[in-house]
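Reproduced below: data23.cif, with mmCIF, C-alpha atoms.
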data_start
#
loop_
_atom_site.group_PDB
_atom_site.id
_atom_site.type_symbol
_atom_site.label_atom_id
_atom_site.label_comp_id
_atom_site.auth_asym_id
_atom_site.auth_seq_id
_atom_site.Cartn_x
_atom_site.Cartn_y
_atom_site.Cartn_z
ATOM 1 C CA MET A 1 74.347 90.943 107.785
ATOM 2 C CA ALA A 2 76.127 93.997 106.388
ATOM 3 C CA PHE A 3 79.159 95.043 108.399
ATOM 4 C CA PRO A 4 79.697 98.722 109.308
ATOM 5 C CA THR A 5 81.091 100.773 106.444
ATOM 6 C CA PHE A 6 84.196 101.811 108.422
ATOM 7 C CA TYR A 7 85.288 98.159 108.649
ATOM 8 C CA ARG A 8 87.861 97.093 106.098
ATOM 9 C CA PRO A 9 88.825 93.419 106.550
ATOM 10 C CA GLU A 10 92.042 93.816 104.592
ATOM 11 C CA ARG A 11 93.321 96.248 107.240
ATOM 12 C CA VAL A 12 93.064 93.763 110.106
ATOM 13 C CA GLY A 13 96.626 93.247 111.281
ATOM 14 C CA GLN A 14 97.826 96.579 109.909
ATOM 15 C CA LEU A 15 99.043 99.473 112.032
ATOM 16 C CA TYR A 16 97.116 102.708 111.553
ATOM 17 C CA ALA A 17 95.329 105.350 113.605
ATOM 18 C CA PRO A 18 91.898 103.890 114.458
ATOM 19 C CA ASP A 19 88.988 105.828 112.975
ATOM 20 C CA THR A 20 87.235 106.177 116.312
ATOM 21 C CA VAL A 21 84.995 109.005 115.100
ATOM 22 C CA SER A 22 83.477 106.867 112.328
ATOM 23 C CA ALA A 23 83.202 103.807 114.581
ATOM 24 C CA VAL A 24 81.406 105.723 117.320
ATOM 25 C CA GLN A 25 79.074 107.449 114.858
ATOM 26 C CA ALA A 26 78.228 104.110 113.238
ATOM 27 C CA GLY A 27 77.475 102.689 116.663
ATOM 28 C CA ARG A 28 75.181 105.590 117.532
ATOM 29 C CA ASP A 29 73.378 105.134 114.208
ATOM 30 C CA SER A 30 73.006 101.359 114.590
ATOM 31 C CA GLY A 31 69.635 101.512 116.342
ATOM 32 C CA VAL A 32 70.640 98.765 118.773
ATOM 33 C CA SER A 33 69.132 98.961 122.259
ATOM 34 C CA SER A 34 71.109 99.971 125.326
ATOM 35 C CA ALA A 35 72.936 97.215 127.194
ATOM 36 C CA LYS A 36 70.977 98.245 130.278
ATOM 37 C CA GLU A 37 67.949 96.538 128.722
ATOM 38 C CA ASP A 38 69.662 93.134 128.325
ATOM 39 C CA ALA A 39 67.688 90.331 129.912
ATOM 40 C CA ARG A 40 70.658 88.036 129.338
ATOM 41 C CA ARG A 41 73.971 89.684 130.174
ATOM 42 C CA VAL A 42 76.980 88.553 128.112
ATOM 43 C CA VAL A 43 80.613 89.593 128.547
ATOM 44 C CA LEU A 44 83.373 89.173 125.984
ATOM 45 C CA LEU A 45 86.905 88.875 127.383
ATOM 46 C CA LEU A 46 89.569 89.921 124.883
ATOM 47 C CA VAL A 47 92.914 88.678 126.144
ATOM 48 C CA ASP A 48 95.970 90.669 125.017
ATOM 49 C CA ALA A 49 94.674 91.467 121.518
ATOM 50 C CA GLN A 50 97.676 93.703 120.922
ATOM 51 C CA VAL A 51 99.831 94.679 117.970
ATOM 52 C CA ASP A 52 102.945 92.764 119.039
ATOM 53 C CA PHE A 53 100.983 89.495 119.298
ATOM 54 C CA ILE A 54 98.714 89.893 116.275
ATOM 55 C CA HIS A 55 100.660 91.690 113.540
ATOM 56 C CA VAL A 56 103.056 89.563 111.509
ATOM 57 C CA ASP A 57 105.743 92.211 112.058
ATOM 58 C CA GLY A 58 105.081 92.394 115.794
ATOM 59 C CA THR A 59 107.859 91.388 118.177
ATOM 60 C CA LEU A 60 106.063 88.222 119.343
ATOM 61 C CA PRO A 61 103.574 87.360 116.565
ATOM 62 C CA VAL A 62 101.248 84.429 117.102
ATOM 63 C CA PRO A 63 100.724 82.412 113.893
ATOM 64 C CA GLY A 64 97.095 82.712 112.808
ATOM 65 C CA ALA A 65 96.353 85.740 115.003
ATOM 66 C CA VAL A 66 95.360 88.042 112.127
ATOM 67 C CA ASP A 67 92.625 85.673 110.978
ATOM 68 C CA ASP A 68 91.609 85.052 114.607
ATOM 69 C CA THR A 69 91.163 88.783 115.053
ATOM 70 C CA LYS A 70 89.164 89.156 111.867
ATOM 71 C CA ARG A 71 86.770 86.452 113.063
ATOM 72 C CA THR A 72 86.545 88.132 116.484
ATOM 73 C CA ILE A 73 85.675 91.499 114.961
ATOM 74 C CA GLU A 74 83.006 90.009 112.735
ATOM 75 C CA TRP A 75 81.608 87.988 115.661
ATOM 76 C CA ILE A 76 81.197 91.267 117.554
ATOM 77 C CA PHE A 77 79.365 92.810 114.595
ATOM 78 C CA ARG A 78 77.045 89.807 114.166
ATOM 79 C CA ASN A 79 76.242 89.625 117.881
ATOM 80 C CA LEU A 80 76.217 93.340 118.601
ATOM 81 C CA GLY A 81 72.833 93.341 120.301
ATOM 82 C CA GLY A 82 73.698 90.341 122.457
ATOM 83 C CA ILE A 83 77.051 91.443 123.897
ATOM 84 C CA THR A 84 76.534 93.484 127.048
ATOM 85 C CA THR A 85 80.142 94.287 127.922
ATOM 86 C CA ILE A 86 83.607 93.981 126.377
ATOM 87 C CA ALA A 87 86.608 93.706 128.683
ATOM 88 C CA ALA A 88 90.134 93.670 127.274
ATOM 89 C CA SER A 89 93.468 92.999 128.947
ATOM 90 C CA LEU A 90 96.662 94.789 127.973
ATOM 91 C CA ASP A 91 99.970 93.023 128.491
ATOM 92 C CA SER A 92 102.101 95.932 129.723
ATOM 93 C CA HIS A 93 105.852 95.419 130.053
ATOM 94 C CA MET A 94 109.083 97.302 130.690
ATOM 95 C CA PRO A 95 112.542 96.508 129.269
ATOM 96 C CA MET A 96 113.903 94.817 132.405
ATOM 97 C CA GLN A 97 111.651 92.046 133.703
ATOM 98 C CA ILE A 98 112.367 88.569 134.986
ATOM 99 C CA PHE A 99 111.424 86.981 131.642
ATOM 100 C CA SER A 100 113.525 89.449 129.595
ATOM 101 C CA PRO A 101 116.992 88.645 128.224
ATOM 102 C CA THR A 102 118.481 91.601 130.154
ATOM 103 C CA TRP A 103 117.633 90.008 133.522
ATOM 104 C CA TRP A 104 119.978 87.031 133.102
ATOM 105 C CA VAL A 105 123.521 86.161 132.015
ATOM 106 C CA ASN A 106 125.436 82.897 131.697
ATOM 107 C CA ILE A 107 128.970 82.221 132.951
ATOM 108 C CA ASN A 108 130.333 84.042 129.888
ATOM 109 C CA GLY A 109 128.263 87.145 130.593
ATOM 110 C CA GLU A 110 125.932 86.467 127.642
ATOM 111 C CA HIS A 111 122.208 87.125 127.803
ATOM 112 C CA PRO A 112 119.829 84.242 126.996
ATOM 113 C CA ALA A 113 118.221 84.147 123.583
ATOM 114 C CA PRO A 114 114.429 84.428 123.354
ATOM 115 C CA TYR A 115 112.601 81.163 124.030
ATOM 116 C CA THR A 116 115.362 79.942 126.361
ATOM 117 C CA VAL A 117 113.956 77.936 129.274
ATOM 118 C CA ILE A 118 115.544 78.681 132.657
ATOM 119 C CA ARG A 119 114.918 76.081 135.357
ATOM 120 C CA SER A 120 115.606 76.391 139.065
ATOM 121 C CA ALA A 121 118.376 73.797 138.710
ATOM 122 C CA ASP A 122 120.075 76.032 136.110
ATOM 123 C CA VAL A 123 120.052 78.924 138.574
ATOM 124 C CA HIS A 124 121.435 76.873 141.472
ATOM 125 C CA LEU A 125 124.177 75.446 139.265
ATOM 126 C CA GLY A 126 125.121 78.906 138.046
ATOM 127 C CA THR A 127 124.266 78.160 134.425
ATOM 128 C CA TRP A 128 122.150 81.304 134.499
ATOM 129 C CA ARG A 129 122.640 84.165 136.951
ATOM 130 C CA ALA A 130 120.174 86.972 137.639
ATOM 131 C CA LEU A 131 121.586 90.498 137.347
ATOM 132 C CA TYR A 132 118.676 91.877 139.340
ATOM 133 C CA GLN A 133 117.232 90.615 142.635
ATOM 134 C CA PRO A 134 119.213 87.359 142.580
ATOM 135 C CA GLU A 135 117.669 85.926 145.764
ATOM 136 C CA TRP A 136 114.116 86.586 144.579
ATOM 137 C CA SER A 137 114.947 85.272 141.110
ATOM 138 C CA ALA A 138 116.237 81.960 142.470
ATOM 139 C CA GLU A 139 113.190 81.588 144.730
ATOM 140 C CA TYR A 140 110.937 82.598 141.856
ATOM 141 C CA THR A 141 112.058 79.780 139.568
ATOM 142 C CA GLU A 142 111.424 77.317 142.413
ATOM 143 C CA LYS A 143 107.967 78.716 143.183
ATOM 144 C CA LEU A 144 107.076 78.811 139.493
ATOM 145 C CA GLU A 145 107.886 75.123 139.073
ATOM 146 C CA ALA A 146 106.118 74.154 142.304
ATOM 147 C CA GLN A 147 103.032 76.369 142.090
ATOM 148 C CA ALA A 148 102.471 76.927 138.373
ATOM 149 C CA ARG A 149 104.128 73.702 137.184
ATOM 150 C CA LYS A 150 106.171 75.476 134.521
ATOM 151 C CA ALA A 151 109.695 76.723 133.979
ATOM 152 C CA LEU A 152 110.661 80.319 133.344
ATOM 153 C CA MET A 153 110.587 81.218 129.643
ATOM 154 C CA ILE A 154 112.653 84.064 128.226
ATOM 155 C CA TRP A 155 110.616 86.071 125.701
ATOM 156 C CA PRO A 156 111.454 88.617 123.020
ATOM 157 C CA TYR A 157 110.790 92.178 124.166
ATOM 158 C CA HIS A 158 107.075 92.682 123.575
ATOM 159 C CA THR A 159 104.130 94.973 124.386
ATOM 160 C CA LEU A 160 106.493 97.486 125.980
ATOM 161 C CA LEU A 161 104.669 100.424 127.528
ATOM 162 C CA GLY A 162 104.909 103.469 125.276
ATOM 163 C CA THR A 163 105.510 101.515 122.067
ATOM 164 C CA PRO A 164 103.099 100.842 119.170
ATOM 165 C CA GLY A 165 103.244 97.114 119.972
ATOM 166 C CA HIS A 166 101.399 97.725 123.246
ATOM 167 C CA ALA A 167 98.243 99.039 121.539
ATOM 168 C CA ILE A 168 95.156 96.989 120.813
ATOM 169 C CA THR A 169 95.262 96.217 117.109
ATOM 170 C CA PRO A 170 93.456 99.123 115.390
ATOM 171 C CA ALA A 171 90.668 97.269 113.559
ATOM 172 C CA LEU A 172 89.634 95.559 116.788
ATOM 173 C CA TYR A 173 89.786 98.817 118.706
ATOM 174 C CA GLU A 174 87.345 100.294 116.199
ATOM 175 C CA ALA A 175 84.989 97.354 116.834
ATOM 176 C CA ILE A 176 85.232 97.939 120.595
ATOM 177 C CA ALA A 177 84.426 101.637 120.143
ATOM 178 C CA PHE A 178 81.550 100.754 117.799
ATOM 179 C CA HIS A 179 80.100 98.352 120.386
ATOM 180 C CA ALA A 180 80.471 100.903 123.193
ATOM 181 C CA ALA A 181 78.557 103.564 121.269
ATOM 182 C CA ALA A 182 75.891 101.162 120.008
ATOM 183 C CA ARG A 183 75.183 99.572 123.391
ATOM 184 C CA GLN A 184 75.809 102.772 125.410
ATOM 185 C CA THR A 185 78.302 101.045 127.666
ATOM 186 C CA GLN A 186 81.961 101.600 128.455
ATOM 187 C CA PRO A 187 84.559 98.923 127.698
ATOM 188 C CA THR A 188 86.803 97.759 130.528
ATOM 189 C CA PHE A 189 90.584 97.679 130.093
ATOM 190 C CA LEU A 190 92.808 95.732 132.485
ATOM 191 C CA SER A 191 96.561 96.354 132.552
ATOM 192 C CA LYS A 192 98.757 93.427 133.574
ATOM 193 C CA GLY A 193 102.383 92.364 133.393
ATOM 194 C CA SER A 194 104.191 95.464 134.680
ATOM 195 C CA ILE A 195 105.611 93.865 137.849
ATOM 196 C CA PRO A 196 109.297 93.204 137.058
ATOM 197 C CA GLU A 197 109.580 90.258 139.446
ATOM 198 C CA THR A 198 106.964 87.948 137.944
ATOM 199 C CA GLU A 199 105.358 86.701 134.759
ATOM 200 C CA HIS A 200 101.701 87.634 134.354
ATOM 201 C CA TYR A 201 99.982 85.511 131.730
ATOM 202 C CA SER A 202 96.460 85.432 133.163
ATOM 203 C CA MET A 203 94.508 88.664 132.991
ATOM 204 C CA LEU A 204 93.414 87.843 136.561
ATOM 205 C CA GLU A 205 96.617 87.084 138.480
ATOM 206 C CA PRO A 206 100.418 86.853 138.143
ATOM 207 C CA GLU A 207 102.180 83.496 137.972
ATOM 208 C CA VAL A 208 103.773 84.062 141.367
ATOM 209 C CA LYS A 209 102.052 86.436 143.791
ATOM 210 C CA VAL A 210 103.811 89.663 144.801
ATOM 211 C CA PRO A 211 102.330 90.729 148.157
ATOM 212 C CA GLY A 212 101.663 94.416 148.574
ATOM 213 C CA HIS A 213 101.580 95.218 144.861
ATOM 214 C CA ALA A 214 98.316 96.588 143.437
ATOM 215 C CA ILE A 215 98.175 93.880 140.752
ATOM 216 C CA GLY A 216 100.281 91.323 142.601
ATOM 217 C CA GLY A 217 97.420 89.049 143.601
ATOM 218 C CA LEU A 218 94.154 87.580 142.358
ATOM 219 C CA ASN A 219 91.688 90.135 140.938
ATOM 220 C CA VAL A 220 88.734 88.983 143.021
ATOM 221 C CA PRO A 221 86.493 92.027 142.323
ATOM 222 C CA PHE A 222 86.751 91.437 138.569
ATOM 223 C CA LEU A 223 86.112 87.690 138.981
ATOM 224 C CA ASN A 224 83.017 88.407 141.055
ATOM 225 C CA MET A 225 81.849 90.839 138.393
ATOM 226 C CA LEU A 226 82.212 88.098 135.774
ATOM 227 C CA ALA A 227 80.028 85.809 137.885
ATOM 228 C CA SER A 228 77.127 88.247 137.448
ATOM 229 C CA TYR A 229 76.933 87.522 133.699
ATOM 230 C CA GLN A 230 74.949 84.706 132.124
ATOM 231 C CA LEU A 231 77.623 83.986 129.498
ATOM 232 C CA ILE A 232 81.383 84.625 129.462
ATOM 233 C CA TYR A 233 83.044 84.483 126.025
ATOM 234 C CA VAL A 234 86.843 84.411 125.706
ATOM 235 C CA ALA A 235 89.054 85.252 122.702
ATOM 236 C CA GLY A 236 92.522 86.683 122.163
ATOM 237 C CA GLN A 237 96.175 85.722 122.262
ATOM 238 C CA ALA A 238 97.822 83.493 122.878
ATOM 239 C CA LYS A 239 95.747 80.380 123.458
ATOM 240 C CA SER A 240 98.770 78.548 124.846
ATOM 241 C CA HIS A 241 99.629 81.190 127.420
ATOM 242 C CA CYS A 242 97.537 84.213 128.362
ATOM 243 C CA VAL A 243 94.190 82.813 127.219
ATOM 244 C CA LEU A 244 94.853 79.430 128.814
ATOM 245 C CA GLU A 245 96.024 80.942 132.096
ATOM 246 C CA THR A 246 93.043 83.326 132.201
ATOM 247 C CA VAL A 247 90.709 80.354 131.813
ATOM 248 C CA ARG A 248 92.696 78.395 134.395
ATOM 249 C CA SER A 249 92.299 81.279 136.869
ATOM 250 C CA MET A 250 88.539 81.329 136.357
ATOM 251 C CA VAL A 251 88.138 77.576 136.664
ATOM 252 C CA ARG A 252 90.302 77.464 139.790
ATOM 253 C CA TYR A 253 88.471 80.366 141.459
ATOM 254 C CA PHE A 254 84.945 79.288 140.606
ATOM 255 C CA GLN A 255 85.739 75.591 141.136
ATOM 256 C CA HIS A 256 85.319 72.763 138.654
ATOM 257 C CA GLY A 257 81.719 72.066 137.715
ATOM 258 C CA SER A 258 80.303 75.249 139.246
ATOM 259 C CA ASP A 259 77.506 77.249 137.666
ATOM 260 C CA VAL A 260 79.985 79.962 136.644
ATOM 261 C CA VAL A 261 82.348 77.532 134.883
ATOM 262 C CA ARG A 262 79.374 76.319 132.859
ATOM 263 C CA LYS A 263 78.910 79.898 131.595
ATOM 264 C CA ILE A 264 82.375 80.043 129.999
ATOM 265 C CA ARG A 265 82.673 79.787 126.198
ATOM 266 C CA ILE A 266 86.077 79.725 124.473
ATOM 267 C CA LEU A 267 85.967 81.001 120.886
ATOM 268 C CA MET A 268 88.429 78.425 119.571
ATOM 269 C CA ASP A 269 88.751 79.937 116.100
ATOM 270 C CA CYS A 270 89.540 83.337 117.635
ATOM 271 C CA THR A 271 92.718 82.306 119.416
ATOM 272 C CA SER A 272 95.986 80.586 118.471
ATOM 273 C CA SER A 273 99.108 79.311 120.214
ATOM 274 C CA VAL A 274 102.682 80.541 120.398
ATOM 275 C CA ALA A 275 105.036 78.730 118.030
ATOM 276 C CA HIS A 276 108.087 77.321 119.801
ATOM 277 C CA PRO A 277 110.930 75.422 118.093
ATOM 278 C CA GLU A 278 110.792 72.538 120.583
ATOM 279 C CA ILE A 279 107.571 72.710 122.629
ATOM 280 C CA ASN A 280 104.148 71.949 121.135
ATOM 281 C CA PHE A 281 102.252 74.586 123.059
ATOM 282 C CA ASP A 282 99.090 74.131 121.009
ATOM 283 C CA ASP A 283 98.670 70.485 121.988
ATOM 284 C CA ILE A 284 99.181 71.375 125.642
ATOM 285 C CA ALA A 285 96.559 74.136 125.463
ATOM 286 C CA ASN A 286 94.016 72.025 123.595
ATOM 287 C CA GLU A 287 94.402 69.111 125.988
ATOM 288 C CA THR A 288 93.899 71.368 129.003
ATOM 289 C CA LEU A 289 90.864 73.148 127.559
ATOM 290 C CA GLU A 290 89.339 69.828 126.518
ATOM 291 C CA ARG A 291 89.783 68.575 130.069
ATOM 292 C CA TYR A 292 87.925 71.623 131.374
ATOM 293 C CA THR A 293 84.910 70.743 129.226
ATOM 294 C CA GLU A 294 84.351 67.830 131.605
ATOM 295 C CA HIS A 295 83.426 70.458 134.199
ATOM 296 C CA GLY A 296 80.977 72.393 132.025
ATOM 297 C CA LEU A 297 83.097 74.866 130.076
ATOM 298 C CA LYS A 298 82.307 74.854 126.331
ATOM 299 C CA LEU A 299 84.587 75.114 123.316
ATOM 300 C CA VAL A 300 82.763 76.924 120.516
ATOM 301 C CA THR A 301 83.502 78.797 117.293
ATOM 302 C CA SER A 302 82.555 82.216 115.994
ATOM 303 C CA ALA A 303 80.064 80.533 113.644
ATOM 304 C CA ASP A 304 78.081 78.981 116.494
ATOM 305 C CA VAL A 305 74.862 80.557 117.753
ATOM 306 C CA MET A 306 75.320 82.356 121.049
ATOM 307 C CA ASP A 307 73.783 80.118 123.736
#

Could you show the structure in this file as structure tokens?
Amino acid sequence: MAFPTFYRPERVGQLYAPDTVSAVQAGRDSGVSSAKEDARRVVLLLVDAQVDFIHVDGTLPVPGAVDDTKRTIEWIFRNLGGITTIAASLDSHMPMQIFSPTWWVNINGEHPAPYTVIRSADVHLGTWRALYQPEWSAEYTEKLEAQARKALMIWPYHTLLGTPGHAITPALYEAIAFHAAARQTQPTFLSKGSIPETEHYSMLEPEVKVPGHAIGGLNVPFLNMLASYQLIYVAGQAKSHCVLETVRSMVRYFQHGSDVVRKIRILMDCTSSVAHPEINFDDIANETLERYTEHGLKLVTSADVMD
């Protein structure tokens, strides 16, 4: 099929002002039927498809993310008439959060470098000391290891609210606007990650719950909305973290082997893993996703026919 004329593949992964006017006009001229007429309702979840994760000059670039995004955009174009809804999460951070270098210091008063792992034992021994909310921070590392079975990772500053890195990468935003106009449906945007006291990989819940906060628990209304669709496609960044944890949240909520889990499709060539100097995150993610296929979830590619 011919892609819309506003789409320029070479600009995927570049920062520019999205041409929303052209994208919307192309969608209105596409002649595709309204999403209200869909007999089979399909939702595409775009996890954290943001500048800082996708662009090679972003603050936390995921290797392969530019090509992943190009395939995602073209998958949307090819399946325009079959995608009912697009929902996208936005990782939304502030400078001082529990996974930021500024939160911690060692015995010499030095902040941890990005990709430093801080374990609960390190905190109790005084190897790392929290400058903010020390009691919560110590309890947090314990809860994280017990409940989420992971240690706290310090990250480079990324997707900070108010910065260009927070935005959805422009070429993909144009595709979202094009789809919205063509199918006469609004996209859904979910903000996550702005609670200073916890990590928030999944688009559906933080790593450790923060009672009383608006986004401090499981997003049950959104999960129940997902259950109303016949197919749930997932793409975005990074496979090893936010994509994996989003899928884990869905599988845990809907239970292994349920009818809803069998609706989930992971677009494996539209997501990649964080590169770490010591941890093979990609192997961990692939092994976990492969295990979920035993309960009905499917691993597919953008070249596969939507089923």

Item to check | Coordinates-based distance that separates atom CA of A:Tyr233 from atom CA of A:Val21 (Å, one decimal) | outcome: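 Going from atom CA of A:Val21 over to atom CA of A:Tyr233, I get 26.9 Å.
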
Next on the checklist: Here's the selection I'm unsure about, the PyMOL selection byres ((chain A and resi 208) around 10); applied to the file above, which residues does it give, as a list in words?
Outcome noted: Tyr140, Thr141, Lys143, Leu144, Gln147, Ala148, Glu197, Thr198, Glu199, His200, Glu205, Pro206, Glu207, Lys209, Val210, Pro211, Gly216 and Gly217 of chain A

Checklist entry - For A:Val260, which of A:Pro221, A:Glu287, A:Cys242, A:Ser228 is the closest residue, counting only C-alpha atoms? => result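 The answer is A:Ser228, which sits nearest to A:Val260.
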
Checklist entry - What is the distance between atom CA of A:Pro18 and atom CA of A:Gly82, in Å to one decimal? => result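 Between these atoms lies a distance of 24.1 Å.
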
Checklist entry - What does the PyMOL selection byres ((chain A and resi 138) around 10) select in this file, as number ranges by chain? => result A: 119-124, 128-130, 133-137, 139-143

Checklist entry - Near A:Ala113, counting only C-alpha atoms, which residues have an atom at most 8 Å away, once you skip same-chain residues fewer than 3 positions from it, shown as a PyMOL selection string? => result chain A and resi 101+116+154

Next on the checklist: With the PyMOL selection byres ((chain A and resi 161) around 12) as the selection, what would be picked from this file? Answer as a list in words, please.
Outcome noted: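 When the PyMOL selection byres ((chain A and resi 161) around 12) is applied, the selected residues are Gln50, Asp52, Leu90, Asp91, Ser92, His93, Met94, Pro95, Met96, Tyr157, His158, Thr159, Leu160, Gly162, Thr163, Pro164, Gly165, His166, Ala167, Ser191, Lys192, Gly193 and Ser194 of chain A.
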
Checklist entry - If we count only C-alpha atoms, what is near stretch 3-7 of chain A at a cut-off of 9 Å, once residues fewer than 6 positions away on the same chain are taken out, given as number ranges by chain? => result A: 19, 22-23, 26-27, 30, 74, 77-78, 171, 174-175, 178

Next on the checklist: List the spatial neighbours of A:Leu172 as a list in words - criterion: any atom at most 9 Å away, only C-alpha atoms, same-chain residues fewer than 2 positions off excluded.
Outcome noted: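 What passes the distance filter is Val12, Pro18, Ala49, Thr69, Lys70, Thr72, Ile73, Ile168, Thr169, Pro170, Glu174, Ala175, Ile176 and Ala177 of chain A.
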
Checklist entry - Which of these residues is nearest to A:Pro277, using all atoms listed in the file: A:Pro114, A:Gly13, A:Pro61, A:Pro196? => result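 Among the listed residues, the smallest separation from A:Pro277 belongs to A:Pro114.
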
Checklist entry - Can you tell me how far atom CA of A:Tyr173 sits from atom CA of A:Thr59, in Å to one decimal? => result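 Taking atom CA of A:Tyr173 and atom CA of A:Thr59, their separation equals 19.5 Å.
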
Next on the checklist: Here is a test: counting only C-alpha atoms, which residue of A:Leu190, A:Leu223, A:Val32, A:Leu297 is nearest to A:His256?
Outcome noted: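 Smallest separation from A:His256 among the options: A:Leu297.
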
Next on the checklist: Counting only C-alpha atoms, which residue out of A:Asp307, A:Glu10, A:Asp48, A:Asp38 sits closest to A:Lys239?
Outcome noted: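 For A:Lys239, the nearest of the candidates is A:Asp48.
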
Centre and edge lengths of an axis-aligned box around all listed atoms of stretch 134-142 of chain A, with 3 Å added on each side, are to be given in Å to one decimal, as JSON.
{"center_x": 115.1, "center_y": 82.3, "center_z": 142.7, "size_x": 14.3, "size_y": 16.0, "size_z": 12.2}

Could you name the residues that touch A:Asn108 at 10 Å or less, counting only C-alpha atoms, but leaving out those on the same chain fewer than 2 positions away, as a PDB file with C-alpha atoms, keeping the file's coordinate frame?
ATOM      1  CA  VAL A 105     123.521  86.161 132.015  1.00  0.00           C
ATOM      2  CA  ASN A 106     125.436  82.897 131.697  1.00  0.00           C
ATOM      3  CA  GLU A 110     125.932  86.467 127.642  1.00  0.00           C
ATOM      4  CA  HIS A 111     122.208  87.125 127.803  1.00  0.00           C
ATOM      5  CA  THR A 127     124.266  78.160 134.425  1.00  0.00           C
ATOM      6  CA  TRP A 128     122.150  81.304 134.499  1.00  0.00           C
TER       7      TRP A 128
END
